[in-house]
Amino acid sequence: MRAFVAIDLPDLVRGELGDLQNELAVGRAVPEENLHLTLCFLGEQPDEAIKEAHLALSCIQSSSFTLRLAGVGSFGKRSPQVIYADVAPSPGLMELEKRITRALRNAGLRFQKRRFRPHVTVTRLPKGLSVFEIANLQSRLAEVSAFQGSAFEVSSFQLYQSTLTPAGALHQVLANYELAGS
């Protein structure tokens, strides 16, 4: 099973990201129902490992916190592949990610270790953009660089299953984990 741990976004923020996608008008917009902030990508895992992940995530104790999306950027050095909404600095988010990663590793799960760069992917771009297309993209990114989403309370996180289809990924919540103070 392909799985990840993420924070679901409130409808208001999804709407703001939809407006951002419309302003950008490039690439393939991530469907509104798939917009989320990944905390840990587990990749392909056996069913038993997903059960262990659920048990480990159920034991995490952390407080709720406020989060805001702020700014826009792209991943891909020579040719951008992804446009994302950046996240304003949040000690609560960074602490939650550390607790989740530690708990999953202690439960025996194996997954790729990456430096955590909190973001929400909003658009995927085709490979091999021309110099003209890259210049156009940079211009569009400059126009929306001051993007500021509404602040929202993070009171839970989720374990998701992701199924890849020819039409794109389908995400299903497997479990929800409440944070203290929520």
# chains A, B, ... in the order shown; residues from 1 in each chain; ligands from 1

call {"tool": "residues_around", "arguments": {"residues": "Phe157 (chain A)", "least_positions_apart": "4", "cutoff": "9 Å", "atoms": "only C-alpha atoms", "output": "number ranges by chain"}}
result
A: 5-8, 39, 175-179

call {"tool": "closest_atom_pairs", "arguments": {"of": "region 115-158 of chain A", "to": "region 22-27 of chain A", "cutoff": "9 Å", "atoms": "only C-alpha atoms", "output": "tab-separated table"}}
result
residue	atom	partner	partner_atom	distance
A:Thr123	CA	A:Gly27	CA	6.0
A:Arg124	CA	A:Gly27	CA	5.6
A:Leu125	CA	A:Gly27	CA	4.5
A:Pro126	CA	A:Gly27	CA	6.6
A:Leu137	CA	A:Val26	CA	7.6
A:Arg140	CA	A:Leu24	CA	6.1
A:Leu141	CA	A:Leu24	CA	7.4
A:Glu143	CA	A:Leu24	CA	8.7
A:Val144	CA	A:Leu24	CA	7.7

call {"tool": "residues_around", "arguments": {"residues": "region 146-154 of chain A", "least_positions_apart": "5", "cutoff": "12 Å", "atoms": "only C-alpha atoms", "output": "ChimeraX atom specification"}}
result
/A:6-21,23-24,36-37,62-73,84-88,90,92-93,96,120,140-141,177-182

call {"tool": "write_last_selection", "arguments": {"atoms": "C-alpha atoms", "output": "CSV table (one decimal), in the first residue's frame"}}
result
chain,number,residue,atom,x,y,z
A,6,ALA,CA,-0.4,14.6,6.2
A,7,ILE,CA,-2.5,17.6,7.5
A,8,ASP,CA,-5.8,18.0,5.8
A,9,LEU,CA,-6.6,21.6,4.8
A,10,PRO,CA,-9.9,23.5,5.7
A,11,ASP,CA,-12.2,24.3,2.8
A,12,LEU,CA,-11.4,28.0,3.1
A,13,VAL,CA,-7.7,27.4,2.5
A,14,ARG,CA,-8.5,24.9,-0.4
A,15,GLY,CA,-10.5,27.7,-2.0
A,16,GLU,CA,-7.7,30.1,-1.7
A,17,LEU,CA,-5.3,27.6,-3.3
A,18,GLY,CA,-7.9,27.1,-6.1
A,19,ASP,CA,-7.8,30.8,-6.7
A,20,LEU,CA,-4.0,30.7,-6.8
A,21,GLN,CA,-4.1,27.8,-9.3
A,23,GLU,CA,-4.1,32.9,-11.3
A,24,LEU,CA,-1.1,30.7,-12.3
A,36,HIS,CA,-2.8,18.6,1.8
A,37,LEU,CA,0.5,19.2,3.6
A,62,SER,CA,1.3,17.0,20.6
A,63,SER,CA,-0.6,20.3,20.9
A,64,SER,CA,-2.7,21.9,18.3
A,65,PHE,CA,-1.2,25.0,16.6
A,66,THR,CA,-2.0,27.7,14.1
A,67,LEU,CA,-0.6,27.5,10.5
A,68,ARG,CA,-0.6,29.8,7.5
A,69,LEU,CA,0.4,29.3,3.9
A,70,ALA,CA,2.6,32.2,2.7
A,71,GLY,CA,4.5,32.6,-0.5
A,72,VAL,CA,4.8,30.5,-3.7
A,73,GLY,CA,7.8,28.6,-5.1
A,84,TYR,CA,3.9,24.9,-4.3
A,85,ALA,CA,2.4,27.2,-1.6
A,86,ASP,CA,5.0,27.7,1.0
A,87,VAL,CA,4.3,27.6,4.8
A,88,ALA,CA,5.0,30.4,7.2
A,90,SER,CA,5.7,27.2,12.6
A,92,GLY,CA,4.4,23.5,16.2
A,93,LEU,CA,4.5,22.1,12.7
A,96,LEU,CA,4.9,17.5,15.0
A,120,VAL,CA,1.4,22.3,-0.4
A,140,ARG,CA,3.8,34.2,-13.2
A,141,LEU,CA,5.4,33.1,-10.0
A,177,TYR,CA,-5.3,11.6,14.9
A,178,GLU,CA,-6.5,14.4,17.2
A,179,LEU,CA,-4.0,16.8,18.8
A,180,ALA,CA,-4.2,18.1,22.4
A,181,GLY,CA,-6.3,21.2,22.8
A,182,SER,CA,-8.6,20.3,19.9

call {"tool": "residues_around", "arguments": {"residues": "Arg115 (chain A)", "least_positions_apart": "4", "cutoff": "12 Å", "atoms": "only C-alpha atoms", "output": "JSON list (two decimals) with N, CA and C atoms, in the first residue's frame"}}
result
[["chain", "number", "residue", "atom", "x", "y", "z"],
["A", 39, "LEU", "N", 3.44, 15.40, 5.86],
["A", 39, "LEU", "CA", 4.36, 15.39, 7.00],
["A", 39, "LEU", "C", 5.41, 14.29, 6.84],
["A", 40, "CYS", "N", 5.00, 13.16, 6.25],
["A", 40, "CYS", "CA", 5.91, 12.04, 6.05],
["A", 40, "CYS", "C", 5.37, 11.16, 4.93],
["A", 41, "PHE", "N", 6.17, 10.97, 3.88],
["A", 41, "PHE", "CA", 5.78, 10.08, 2.78],
["A", 41, "PHE", "C", 6.36, 8.71, 3.06],
["A", 94, "MET", "N", 6.93, 21.96, 12.94],
["A", 94, "MET", "CA", 8.23, 21.29, 12.91],
["A", 94, "MET", "C", 8.32, 20.23, 14.02],
["A", 97, "GLU", "N", 6.15, 17.16, 13.01],
["A", 97, "GLU", "CA", 6.83, 16.33, 11.99],
["A", 97, "GLU", "C", 7.92, 15.48, 12.63],
["A", 98, "LYS", "N", 8.70, 16.04, 13.54],
["A", 98, "LYS", "CA", 9.77, 15.28, 14.22],
["A", 98, "LYS", "C", 9.18, 14.12, 15.01],
["A", 101, "THR", "N", 7.93, 11.36, 12.52],
["A", 101, "THR", "CA", 9.04, 10.63, 11.90],
["A", 101, "THR", "C", 9.70, 9.70, 12.92]]

call {"tool": "atom_distance", "arguments": {"atom1": "CA of Pro91 (chain A)", "atom2": "CA of Ser155 (chain A)"}}
result
14.7 Å

call {"tool": "closest_residue", "arguments": {"among": "A:Leu159, A:Leu42, A:Met1, A:Ala142", "to": "Ser58 (chain A)", "atoms": "only C-alpha atoms"}}
result
A:Leu159

call {"tool": "residues_around", "arguments": {"residues": "His54 (chain A)", "least_positions_apart": "3", "cutoff": "9 Å", "atoms": "only C-alpha atoms", "output": "PyMOL selection string"}}
result
chain A and resi 49-51+57-59+104+159+174-175

call {"tool": "select_by_dssp", "arguments": {"residues": "chain A", "states": "strand (DSSP E)", "output": "PyMOL selection string"}}
result
chain A and resi 2-8+28-29+36-44+65-67+69-75+82-87+119-124+152-154+156-165+168-178

call {"tool": "closest_residue", "arguments": {"among": "A:Val122, A:Ala3, A:Lys127, A:Phe116", "to": "Asp47 (chain A)", "atoms": "only C-alpha atoms"}}
result
A:Ala3

call {"tool": "decode", "arguments": {"residues": "region 42-92 of chain A", "atoms": "N, CA and C atoms", "output": "mmCIF file, in the first residue's frame"}}
result
data_model
loop_
_atom_site.group_PDB
_atom_site.id
_atom_site.type_symbol
_atom_site.label_atom_id
_atom_site.label_comp_id
_atom_site.auth_asym_id
_atom_site.auth_seq_id
_atom_site.Cartn_x
_atom_site.Cartn_y
_atom_site.Cartn_z
ATOM 1 N N LEU A 42 5.492 7.727 3.211
ATOM 2 C CA LEU A 42 5.929 6.372 3.544
ATOM 3 C C LEU A 42 6.225 5.527 2.315
ATOM 4 N N GLY A 43 5.684 5.904 1.172
ATOM 5 C CA GLY A 43 5.873 5.107 -0.035
ATOM 6 C C GLY A 43 5.118 3.793 0.064
ATOM 7 N N GLU A 44 5.581 2.802 -0.679
ATOM 8 C CA GLU A 44 4.945 1.481 -0.673
ATOM 9 C C GLU A 44 5.318 0.743 0.609
ATOM 10 N N GLN A 45 4.306 0.281 1.328
ATOM 11 C CA GLN A 45 4.509 -0.432 2.594
ATOM 12 C C GLN A 45 3.596 -1.658 2.630
ATOM 13 N N PRO A 46 4.075 -2.754 3.251
ATOM 14 C CA PRO A 46 3.178 -3.901 3.434
ATOM 15 C C PRO A 46 2.065 -3.548 4.421
ATOM 16 N N ASP A 47 0.952 -4.271 4.351
ATOM 17 C CA ASP A 47 -0.197 -3.998 5.223
ATOM 18 C C ASP A 47 0.196 -4.027 6.696
ATOM 19 N N GLU A 48 1.077 -4.960 7.077
ATOM 20 C CA GLU A 48 1.497 -5.064 8.478
ATOM 21 C C GLU A 48 2.205 -3.781 8.925
ATOM 22 N N ALA A 49 3.007 -3.188 8.043
ATOM 23 C CA ALA A 49 3.708 -1.943 8.379
ATOM 24 C C ALA A 49 2.710 -0.800 8.558
ATOM 25 N N ILE A 50 1.644 -0.791 7.777
ATOM 26 C CA ILE A 50 0.617 0.249 7.923
ATOM 27 C C ILE A 50 -0.080 0.102 9.276
ATOM 28 N N LYS A 51 -0.311 -1.129 9.703
ATOM 29 C CA LYS A 51 -0.900 -1.347 11.034
ATOM 30 C C LYS A 51 0.041 -0.834 12.121
ATOM 31 N N GLU A 52 1.336 -1.104 11.980
ATOM 32 C CA GLU A 52 2.329 -0.616 12.948
ATOM 33 C C GLU A 52 2.376 0.919 12.931
ATOM 34 N N ALA A 53 2.286 1.498 11.731
ATOM 35 C CA ALA A 53 2.269 2.963 11.616
ATOM 36 C C ALA A 53 1.068 3.527 12.369
ATOM 37 N N HIS A 54 -0.087 2.914 12.181
ATOM 38 C CA HIS A 54 -1.300 3.388 12.867
ATOM 39 C C HIS A 54 -1.116 3.344 14.385
ATOM 40 N N LEU A 55 -0.572 2.259 14.902
ATOM 41 C CA LEU A 55 -0.357 2.146 16.344
ATOM 42 C C LEU A 55 0.612 3.219 16.831
ATOM 43 N N ALA A 56 1.690 3.434 16.088
ATOM 44 C CA ALA A 56 2.684 4.444 16.472
ATOM 45 C C ALA A 56 2.088 5.847 16.426
ATOM 46 N N LEU A 57 1.335 6.152 15.380
ATOM 47 C CA LEU A 57 0.742 7.485 15.238
ATOM 48 C C LEU A 57 -0.323 7.735 16.306
ATOM 49 N N SER A 58 -1.007 6.681 16.726
ATOM 50 C CA SER A 58 -2.035 6.801 17.764
ATOM 51 C C SER A 58 -1.452 7.231 19.106
ATOM 52 N N CYS A 59 -0.168 6.976 19.308
ATOM 53 C CA CYS A 59 0.482 7.287 20.589
ATOM 54 C C CYS A 59 1.109 8.678 20.627
ATOM 55 N N ILE A 60 1.113 9.383 19.516
ATOM 56 C CA ILE A 60 1.750 10.702 19.477
ATOM 57 C C ILE A 60 0.927 11.706 20.269
ATOM 58 N N GLN A 61 1.612 12.423 21.132
ATOM 59 C CA GLN A 61 0.972 13.482 21.902
ATOM 60 C C GLN A 61 1.613 14.798 21.502
ATOM 61 N N SER A 62 0.809 15.678 20.988
ATOM 62 C CA SER A 62 1.282 16.989 20.556
ATOM 63 C C SER A 62 0.119 17.964 20.660
ATOM 64 N N SER A 63 0.435 19.226 20.783
ATOM 65 C CA SER A 63 -0.607 20.256 20.913
ATOM 66 C C SER A 63 -1.023 20.788 19.548
ATOM 67 N N SER A 64 -2.255 21.255 19.481
ATOM 68 C CA SER A 64 -2.724 21.916 18.267
ATOM 69 C C SER A 64 -1.950 23.223 18.094
ATOM 70 N N PHE A 65 -1.951 23.752 16.882
ATOM 71 C CA PHE A 65 -1.206 24.975 16.584
ATOM 72 C C PHE A 65 -1.839 25.661 15.383
ATOM 73 N N THR A 66 -1.449 26.922 15.178
ATOM 74 C CA THR A 66 -1.964 27.698 14.051
ATOM 75 C C THR A 66 -0.959 27.632 12.915
ATOM 76 N N LEU A 67 -1.477 27.556 11.697
ATOM 77 C CA LEU A 67 -0.641 27.460 10.500
ATOM 78 C C LEU A 67 -1.158 28.432 9.448
ATOM 79 N N ARG A 68 -0.260 28.907 8.606
ATOM 80 C CA ARG A 68 -0.641 29.795 7.503
ATOM 81 C C ARG A 68 0.245 29.472 6.301
ATOM 82 N N LEU A 69 -0.370 29.430 5.130
ATOM 83 C CA LEU A 69 0.392 29.302 3.888
ATOM 84 C C LEU A 69 0.798 30.705 3.464
ATOM 85 N N ALA A 70 2.070 30.858 3.091
ATOM 86 C CA ALA A 70 2.576 32.188 2.744
ATOM 87 C C ALA A 70 3.694 32.056 1.724
ATOM 88 N N GLY A 71 3.465 32.590 0.540
ATOM 89 C CA GLY A 71 4.474 32.555 -0.507
ATOM 90 C C GLY A 71 4.252 31.400 -1.464
ATOM 91 N N VAL A 72 4.930 31.485 -2.599
ATOM 92 C CA VAL A 72 4.816 30.482 -3.659
ATOM 93 C C VAL A 72 6.211 30.213 -4.192
ATOM 94 N N GLY A 73 6.470 28.972 -4.560
ATOM 95 C CA GLY A 73 7.767 28.621 -5.124
ATOM 96 C C GLY A 73 7.643 27.434 -6.057
ATOM 97 N N SER A 74 8.802 26.950 -6.525
ATOM 98 C CA SER A 74 8.806 25.785 -7.413
ATOM 99 C C SER A 74 9.970 24.878 -7.056
ATOM 100 N N PHE A 75 9.786 23.588 -7.312
ATOM 101 C CA PHE A 75 10.838 22.592 -7.144
ATOM 102 C C PHE A 75 11.292 22.153 -8.530
ATOM 103 N N GLY A 76 12.561 21.935 -8.663
ATOM 104 C CA GLY A 76 13.145 21.511 -9.936
ATOM 105 C C GLY A 76 14.194 22.520 -10.334
ATOM 106 N N LYS A 77 15.444 22.110 -10.281
ATOM 107 C CA LYS A 77 16.537 23.062 -10.498
ATOM 108 C C LYS A 77 16.541 23.649 -11.913
ATOM 109 N N ARG A 78 16.745 22.837 -12.911
ATOM 110 C CA ARG A 78 16.843 23.362 -14.290
ATOM 111 C C ARG A 78 15.467 23.583 -14.917
ATOM 112 N N SER A 79 14.607 22.610 -14.687
ATOM 113 C CA SER A 79 13.262 22.693 -15.246
ATOM 114 C C SER A 79 12.268 22.410 -14.123
ATOM 115 N N PRO A 80 11.529 23.422 -13.683
ATOM 116 C CA PRO A 80 10.585 23.226 -12.576
ATOM 117 C C PRO A 80 9.582 22.103 -12.875
ATOM 118 N N GLN A 81 9.299 21.301 -11.847
ATOM 119 C CA GLN A 81 8.351 20.194 -11.968
ATOM 120 C C GLN A 81 7.082 20.420 -11.152
ATOM 121 N N VAL A 82 7.214 21.238 -10.093
ATOM 122 C CA VAL A 82 6.119 21.426 -9.149
ATOM 123 C C VAL A 82 6.069 22.886 -8.720
ATOM 124 N N ILE A 83 4.864 23.419 -8.602
ATOM 125 C CA ILE A 83 4.648 24.729 -7.988
ATOM 126 C C ILE A 83 3.944 24.461 -6.663
ATOM 127 N N TYR A 84 4.406 25.141 -5.621
ATOM 128 C CA TYR A 84 3.857 24.896 -4.294
ATOM 129 C C TYR A 84 3.556 26.202 -3.573
ATOM 130 N N ALA A 85 2.647 26.080 -2.603
ATOM 131 C CA ALA A 85 2.407 27.167 -1.644
ATOM 132 C C ALA A 85 3.303 26.871 -0.451
ATOM 133 N N ASP A 86 4.074 27.874 -0.063
ATOM 134 C CA ASP A 86 5.004 27.724 1.050
ATOM 135 C C ASP A 86 4.239 27.866 2.370
ATOM 136 N N VAL A 87 4.906 27.507 3.466
ATOM 137 C CA VAL A 87 4.300 27.561 4.785
ATOM 138 C C VAL A 87 5.074 28.562 5.634
ATOM 139 N N ALA A 88 4.358 29.459 6.301
ATOM 140 C CA ALA A 88 5.005 30.404 7.218
ATOM 141 C C ALA A 88 5.668 29.609 8.346
ATOM 142 N N PRO A 89 6.781 30.111 8.881
ATOM 143 C CA PRO A 89 7.472 29.383 9.958
ATOM 144 C C PRO A 89 6.513 28.999 11.079
ATOM 145 N N SER A 90 6.634 27.738 11.531
ATOM 146 C CA SER A 90 5.741 27.221 12.561
ATOM 147 C C SER A 90 6.476 26.201 13.427
ATOM 148 N N PRO A 91 6.884 26.603 14.629
ATOM 149 C CA PRO A 91 7.530 25.650 15.528
ATOM 150 C C PRO A 91 6.644 24.436 15.829
ATOM 151 N N GLY A 92 5.345 24.638 15.948
ATOM 152 C CA GLY A 92 4.420 23.532 16.215
ATOM 153 C C GLY A 92 4.438 22.503 15.105
#
